[in-house]
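S.K.: Starting off with a structure, shown below.
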Amino acid sequence: MVTITLLCPYCESDDLVRNGYASNGKQRYFCKECKRHSRENPSLRGYSEERKEEILRAYQERSSLRGIERTFGVSRYTVAEWLKKKADECLH
């Protein structure tokens, strides 16, 4: 029998207990040392660079922010933040 010891991603402690399930169905853990929660096999947050570029190209082709929100399922506020960052990169 193989035993896998899970470590806290924050403090490296092995004093973890199961603490329910996340909304995506992954097991949640609670660290008794640092009192923080974590998930098993956390996935990367956000959108890939290719997806961001696709959405920003749609905006450059005169799509409205609300239209992009409906089409791609991305919040218009998120797209607005991407546009601000892109503008800052162009200025510097």
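Here's how to read the names in the structure tokens: chain A, B, ... by the order shown, residue numbers from 1 in each chain, ligand numbers from 1 in the order shown.
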Report as an MDAnalysis selection string all protein, DNA and RNA residues lying within 10 Å of A:Tyr59, evaluated on only C-alpha atoms, omitting residues in the same chain fewer than 5 positions from it.

M.R.: chainID A and resid 53:54 64:65 67:68 79 83

S.K.: Restrict the selected residues to N, CA, C and O atoms and save them as a compact mmCIF listing (two decimals), in the first residue's frame.

M.R.:
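Resulting contents of part33.txt:
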```txt
# COMPACT_ATOMS: atom_id res chain seq x y z
N GLU A 53 -5.63 37.31 -26.10
CA GLU A 53 -5.38 37.96 -27.38
C GLU A 53 -6.59 37.84 -28.31
O GLU A 53 -6.92 38.79 -29.02
N GLU A 54 -7.24 36.69 -28.30
CA GLU A 54 -8.44 36.49 -29.12
C GLU A 54 -9.53 37.48 -28.72
O GLU A 54 -10.18 38.10 -29.57
N SER A 64 -18.48 45.53 -28.89
CA SER A 64 -18.67 46.24 -27.63
C SER A 64 -18.25 45.35 -26.47
O SER A 64 -18.15 44.13 -26.60
N LEU A 65 -18.01 45.97 -25.32
CA LEU A 65 -17.63 45.20 -24.13
C LEU A 65 -18.76 44.25 -23.73
O LEU A 65 -18.52 43.12 -23.33
N GLY A 67 -20.99 42.98 -25.74
CA GLY A 67 -21.03 41.93 -26.75
C GLY A 67 -19.97 40.87 -26.50
O GLY A 67 -20.21 39.67 -26.63
N ILE A 68 -18.77 41.33 -26.12
CA ILE A 68 -17.69 40.40 -25.77
C ILE A 68 -18.08 39.58 -24.56
O ILE A 68 -17.83 38.37 -24.50
N VAL A 79 -12.18 42.51 -19.12
CA VAL A 79 -11.67 42.96 -20.42
C VAL A 79 -11.17 44.40 -20.31
O VAL A 79 -10.12 44.74 -20.86
N LEU A 83 -7.43 45.83 -21.16
CA LEU A 83 -7.19 46.95 -22.06
C LEU A 83 -6.32 48.01 -21.39
O LEU A 83 -5.42 48.58 -22.02
```

S.K.: Can you tell me, as a list of chain:residue names, which residues in chain A count as strand (DSSP E) by DSSP?

M.R.: A:Leu16, A:Val17, A:Arg18, A:Asn19, A:Gly20, A:Tyr21, A:Gln27, A:Arg28, A:Tyr29, A:Phe30, A:Cys31, A:His37, A:Ser38, A:Arg39

S.K.: Write out as a VMD selection string the set of residues from chain A that DSSP, computed on the backbone, places in alpha helix (DSSP H).

M.R.: chain A and resid 49 to 60 65 to 72 76 to 91

S.K.: Check the smallest atom-to-atom distance from each of A:Ser63, A:Ser48, A:Asn41, A:Thr71 to A:Leu7 using only C-alpha atoms, then report the winner.

M.R.: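 Of A:Ser63, A:Ser48, A:Asn41, A:Thr71, the one nearest A:Leu7 is A:Asn41, counting only C-alpha atoms.
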
S.K.: Report, in Å with one decimal, the straight-line distance from atom CA of A:Gln27 to atom CA of A:Pro42.

M.R.: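 Going from atom CA of A:Gln27 over to atom CA of A:Pro42, I get 9.9 Å.
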
S.K.: List the spatial neighbours of A:Cys34 as a VMD selection string - criterion: any atom at most 8 Å away, only C-alpha atoms, same-chain residues fewer than 3 positions off excluded.

M.R.: chain A and resid 10 to 11 31

S.K.: Compile the contact shell of stretch 12-23 of chain A as a PyMOL selection string: residues with an atom at most 10 Å away, counting only C-alpha atoms, same-chain residues fewer than 3 positions apart removed.

M.R.: chain A and resi 5-9+26-40
